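Heads up: the structure comes next, in structure tokens.
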2 protein chains.
Amino acid sequence: MIVRKLKTIRASENNVKSDGWESARLLLAGDGMGFSFHLTKLYAGSELRMHYKHHLEAVMVLKGTGTIEDLGTGETHELRPGVLYALNENDEHIVRPETDILTACVFNPPVTGGEVHDKDGAYPAPAAEPEPPP
Amino acid sequence: MIVRKLKTIRASENNVKSDGWESARLLLAGDGMGFSFHLTKLYAGSELRMHYKHHLEAVMVLKGTGTIEDLGTGETHELRPGVLYALNENDEHIVRPETDILTACVFNPPVTGGEVHDKDGAYPAPAAEPEPPP
């Protein structure tokens with residue numbers, strides 16, 4: 001059994017920060033769960049364009065409000081506590097936090113470590129070496 | 001992109017209740033994510049002995065306090081907001097909520113639907129038909 005504390009992860013190299021977001025990666029590929037689990041903050045006023053070409057992701061909003069735009073369909077959905085979105089088709093999307101947003105995120109395949117988004121808003125494919133945390 | 005609301009799931013057959021717990025299953029096997037995602041309440045005063053023989057599970061405590069006893073090692077860990085546990089070795093365990101506890105749970109392989117625990121505290125293997133919700 002693995003037991004981890006958010007406070008410990010936040011103070012470790014598994015707390016990854018980049019432009020407009022910060023992610024505490026509580027479970028990673030090396031834990032052997034077949035998914036990774038992150039608590040991620042998205043900061044108010046940022047515009048986060050993302051396209052996970054190599055990962056499926058589910059995101060549960062725990063705190064805060066904003067919107068997500070699905071660039072495949074053009075639809076915009078409201079984000080607030082109790083809303084979950086799942087990028088089941090590697091959907092390219094833009095999240096616009098109106099307030100700071102706290103989310104629980106799950107990635108399959110699991111993120112290996114300190115990945116940040118590349119210029120296309122993707123994480124590298126699992127076989128690649130992770131980029132160092134910023 | 002899948003977008004779901006907790007309120008809608010709570011009013012649907014994907015909100016499964018049993019002795020001492022209640023689980024809103026926001027993502028299931030049929031969603032094709034490779035994991036299922038649940039928001040689960042564990043009720044104060046219950047004693048939940050569980051042994052997922054066919055699933056790995058990660059649990060993040062969002063609200064409430066209690067303990068988890070790892071029956072493999074005999075260790076007991078405190079549960080409070082910000083603590084995550086992962087049953088990476090199909091660990092048999094007992095959760096004892098002191099208050100009502102709200103958790104985010106991820107299962108791999110994904111739960112298919114209305115599973116409840118059998119007499120051994122397990123969910124059936126993924127190939128089996130799910131039991132009906134209670």
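Identifiers in this document derive from the order of the structure tokens: chains are assigned A, B, ..., residues are numbered from 1 separately in each chain, and ligands are numbered from 1 in order of occurrence.
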
Exercise: segment 55-71 of chain B partners within 6 Å, only C-alpha atoms, chain neighbours under 6 positions left out, as a PyMOL selection string: chain B and resi 77-88+90+92-109

How about saving the chosen residues, N, CA, C and O atoms kept, as a short mmCIF file (atom, residue, chain, number, x, y, z; two decimals), in the first residue's frame?
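again_16.cif written:
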```cif
data_model
loop_
_atom_site.label_atom_id
_atom_site.label_comp_id
_atom_site.auth_asym_id
_atom_site.auth_seq_id
_atom_site.Cartn_x
_atom_site.Cartn_y
_atom_site.Cartn_z
N HIS B 77 -2.96 3.91 9.12
CA HIS B 77 -2.61 5.24 8.64
C HIS B 77 -3.80 6.18 8.86
O HIS B 77 -4.95 5.78 8.69
N GLU B 78 -3.48 7.42 9.18
CA GLU B 78 -4.50 8.43 9.39
C GLU B 78 -5.04 8.91 8.03
O GLU B 78 -4.28 9.12 7.10
N LEU B 79 -6.34 9.07 7.94
CA LEU B 79 -6.96 9.64 6.73
C LEU B 79 -7.50 11.03 7.06
O LEU B 79 -8.22 11.21 8.05
N ARG B 80 -7.14 11.98 6.22
CA ARG B 80 -7.66 13.35 6.34
C ARG B 80 -7.49 14.01 4.98
O ARG B 80 -6.80 13.45 4.11
N PRO B 81 -8.07 15.18 4.73
CA PRO B 81 -7.94 15.79 3.42
C PRO B 81 -6.47 15.95 3.04
O PRO B 81 -5.66 16.41 3.84
N GLY B 82 -6.15 15.57 1.80
CA GLY B 82 -4.77 15.66 1.33
C GLY B 82 -4.01 14.35 1.43
O GLY B 82 -2.87 14.27 0.97
N VAL B 83 -4.61 13.33 2.01
CA VAL B 83 -3.95 12.01 2.07
C VAL B 83 -4.48 11.15 0.92
O VAL B 83 -5.69 11.08 0.69
N LEU B 84 -3.56 10.50 0.22
CA LEU B 84 -3.90 9.54 -0.83
C LEU B 84 -3.38 8.17 -0.43
O LEU B 84 -2.27 8.05 0.09
N TYR B 85 -4.21 7.15 -0.64
CA TYR B 85 -3.66 5.79 -0.54
C TYR B 85 -3.92 5.05 -1.84
O TYR B 85 -4.91 5.32 -2.54
N ALA B 86 -2.99 4.15 -2.16
CA ALA B 86 -3.10 3.38 -3.40
C ALA B 86 -2.87 1.91 -3.06
O ALA B 86 -1.88 1.56 -2.41
N LEU B 87 -3.81 1.09 -3.49
CA LEU B 87 -3.75 -0.35 -3.22
C LEU B 87 -3.02 -0.99 -4.39
O LEU B 87 -3.61 -1.63 -5.25
N ASN B 88 -1.71 -0.79 -4.41
CA ASN B 88 -0.89 -1.21 -5.55
C ASN B 88 -0.57 -2.69 -5.52
O ASN B 88 -0.05 -3.22 -6.50
N ASN B 90 -3.11 -4.93 -4.42
CA ASN B 90 -4.42 -5.49 -4.10
C ASN B 90 -4.58 -5.68 -2.58
O ASN B 90 -5.18 -6.63 -2.11
N GLU B 92 -5.46 -5.95 1.12
CA GLU B 92 -6.67 -6.08 1.93
C GLU B 92 -6.60 -5.04 3.05
O GLU B 92 -5.54 -4.85 3.67
N HIS B 93 -7.73 -4.38 3.32
CA HIS B 93 -7.67 -3.23 4.23
C HIS B 93 -9.03 -2.98 4.89
O HIS B 93 -10.06 -3.47 4.42
N ILE B 94 -8.98 -2.23 5.96
CA ILE B 94 -10.21 -1.79 6.64
C ILE B 94 -10.16 -0.27 6.77
O ILE B 94 -9.18 0.28 7.30
N VAL B 95 -11.20 0.39 6.27
CA VAL B 95 -11.33 1.84 6.47
C VAL B 95 -12.35 2.07 7.58
O VAL B 95 -13.43 1.48 7.58
N ARG B 96 -11.95 2.94 8.51
CA ARG B 96 -12.85 3.29 9.62
C ARG B 96 -13.06 4.81 9.62
O ARG B 96 -12.22 5.55 10.15
N PRO B 97 -14.13 5.28 9.00
CA PRO B 97 -14.40 6.72 9.00
C PRO B 97 -14.80 7.20 10.41
O PRO B 97 -15.68 6.60 11.04
N GLU B 98 -14.15 8.25 10.87
CA GLU B 98 -14.56 8.86 12.14
C GLU B 98 -15.68 9.86 11.87
O GLU B 98 -16.63 9.97 12.65
N THR B 99 -15.54 10.61 10.78
CA THR B 99 -16.60 11.48 10.27
C THR B 99 -17.00 10.91 8.91
O THR B 99 -16.35 10.00 8.40
N ASP B 100 -18.04 11.47 8.29
CA ASP B 100 -18.28 11.14 6.88
C ASP B 100 -17.03 11.57 6.09
O ASP B 100 -16.46 12.64 6.34
N ILE B 101 -16.62 10.73 5.18
CA ILE B 101 -15.43 10.99 4.36
C ILE B 101 -15.86 11.07 2.90
O ILE B 101 -16.64 10.25 2.43
N LEU B 102 -15.35 12.08 2.20
CA LEU B 102 -15.55 12.17 0.75
C LEU B 102 -14.22 11.89 0.07
O LEU B 102 -13.19 12.48 0.42
N THR B 103 -14.25 10.99 -0.91
CA THR B 103 -13.02 10.61 -1.60
C THR B 103 -13.22 10.65 -3.12
O THR B 103 -14.33 10.50 -3.62
N ALA B 104 -12.11 10.84 -3.82
CA ALA B 104 -12.05 10.60 -5.27
C ALA B 104 -11.31 9.29 -5.45
O ALA B 104 -10.22 9.11 -4.90
N CYS B 105 -11.91 8.36 -6.20
CA CYS B 105 -11.35 7.01 -6.35
C CYS B 105 -11.14 6.69 -7.83
O CYS B 105 -11.98 7.03 -8.66
N VAL B 106 -10.03 6.00 -8.10
CA VAL B 106 -9.74 5.56 -9.47
C VAL B 106 -9.48 4.07 -9.45
O VAL B 106 -8.69 3.59 -8.62
N PHE B 107 -10.14 3.34 -10.34
CA PHE B 107 -9.96 1.89 -10.43
C PHE B 107 -9.36 1.50 -11.77
O PHE B 107 -9.78 1.99 -12.83
N ASN B 108 -8.40 0.59 -11.72
CA ASN B 108 -7.81 -0.03 -12.90
C ASN B 108 -7.75 -1.53 -12.68
O ASN B 108 -7.10 -1.96 -11.74
N PRO B 109 -8.38 -2.37 -13.50
CA PRO B 109 -9.21 -1.98 -14.63
C PRO B 109 -10.47 -1.24 -14.17
O PRO B 109 -10.85 -1.31 -13.01
#
```

Picked from chain A by DSSP as helix (DSSP H, G or I), as a PyMOL selection string: chain A and resi 6-10+29-31

Store the residues picked out above, limited to N, CA, C and O atoms, as a PDB file, in the first residue's frame.
```
ATOM      1  N   LEU A   6      -0.366  15.175   0.348  1.00  0.00           N
ATOM      2  CA  LEU A   6      -0.284  16.295  -0.590  1.00  0.00           C
ATOM      3  C   LEU A   6       0.781  17.293  -0.152  1.00  0.00           C
ATOM      4  O   LEU A   6       1.554  17.792  -0.975  1.00  0.00           O
ATOM      5  N   LYS A   7       0.854  17.551   1.141  1.00  0.00           N
ATOM      6  CA  LYS A   7       1.814  18.531   1.674  1.00  0.00           C
ATOM      7  C   LYS A   7       3.250  18.118   1.334  1.00  0.00           C
ATOM      8  O   LYS A   7       4.079  18.953   0.977  1.00  0.00           O
ATOM      9  N   THR A   8       3.522  16.830   1.430  1.00  0.00           N
ATOM     10  CA  THR A   8       4.866  16.317   1.133  1.00  0.00           C
ATOM     11  C   THR A   8       5.159  16.445  -0.362  1.00  0.00           C
ATOM     12  O   THR A   8       6.257  16.853  -0.763  1.00  0.00           O
ATOM     13  N   ILE A   9       4.178  16.101  -1.182  1.00  0.00           N
ATOM     14  CA  ILE A   9       4.376  16.176  -2.635  1.00  0.00           C
ATOM     15  C   ILE A   9       4.573  17.625  -3.070  1.00  0.00           C
ATOM     16  O   ILE A   9       5.416  17.925  -3.906  1.00  0.00           O
ATOM     17  N   ARG A  10       3.808  18.531  -2.464  1.00  0.00           N
ATOM     18  CA  ARG A  10       3.927  19.952  -2.831  1.00  0.00           C
ATOM     19  C   ARG A  10       5.336  20.478  -2.573  1.00  0.00           C
ATOM     20  O   ARG A  10       5.782  21.417  -3.236  1.00  0.00           O
ATOM     21  N   ALA A  29       3.994   6.961 -13.111  1.00  0.00           N
ATOM     22  CA  ALA A  29       4.129   5.681 -13.806  1.00  0.00           C
ATOM     23  C   ALA A  29       4.857   4.636 -12.950  1.00  0.00           C
ATOM     24  O   ALA A  29       4.466   3.470 -12.902  1.00  0.00           O
ATOM     25  N   GLY A  30       5.897   5.085 -12.258  1.00  0.00           N
ATOM     26  CA  GLY A  30       6.714   4.160 -11.481  1.00  0.00           C
ATOM     27  C   GLY A  30       5.974   3.485 -10.344  1.00  0.00           C
ATOM     28  O   GLY A  30       6.468   2.500  -9.775  1.00  0.00           O
ATOM     29  N   ASP A  31       4.800   3.997 -10.000  1.00  0.00           N
ATOM     30  CA  ASP A  31       4.026   3.382  -8.912  1.00  0.00           C
ATOM     31  C   ASP A  31       3.252   2.148  -9.373  1.00  0.00           C
ATOM     32  O   ASP A  31       2.676   1.430  -8.553  1.00  0.00           O
TER      33      ASP A  31
END
```

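Nearest to Pro110 of chain B of all the residues B:Ser18, B:Ser12, B:Ser23, B:Ser36 is B:Ser36, based on only C-alpha atoms.
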
Top pick for closest residue to chain A, considering B:Ala11, B:Val16, B:Leu27, B:Ala122 and counting only C-alpha atoms: B:Leu27

Contact residues around Asp118 of chain B with only C-alpha atoms at 10 Å, ignoring same-chain residues under 4 positions, as a list in words: Met50, His51, Tyr52, Ala122, Tyr123, Pro124 and Glu131 of chain B

DSSP strand (DSSP E or B) residues within segment 22-132 of chain B, listed as a PyMOL selection string: chain B and resi 22-27+36-42+48-50+56-63+66-70+76-79+83-87+93-97+101-108

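Compared by their closest atoms to chain A, and using only C-alpha atoms, the residues B:Asp19, B:His54, B:Thr76, B:Gly32 rank with B:Gly32 nearest.
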
Straight-line distance linking atom CA of Gly121 of chain B with atom CA of Leu42 of chain B, stated in Å to one decimal: 14.7 Å

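Comparing the minimum interatomic distances between Glu22 of chain B and each of B:Glu115, B:Lys5, B:Tyr43, B:Gly72, counting only C-alpha atoms, we find that B:Tyr43 sits nearest.
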
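Between atom CA of Gly113 of chain B and atom CA of Phe35 of chain A the interatomic distance comes to 19.7 Å.
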
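Restricting the calculation to only C-alpha atoms, the smallest distance between chain B and any of A:Asp91, A:Asp120, A:Ala125, A:Ser46 is found for A:Asp91.
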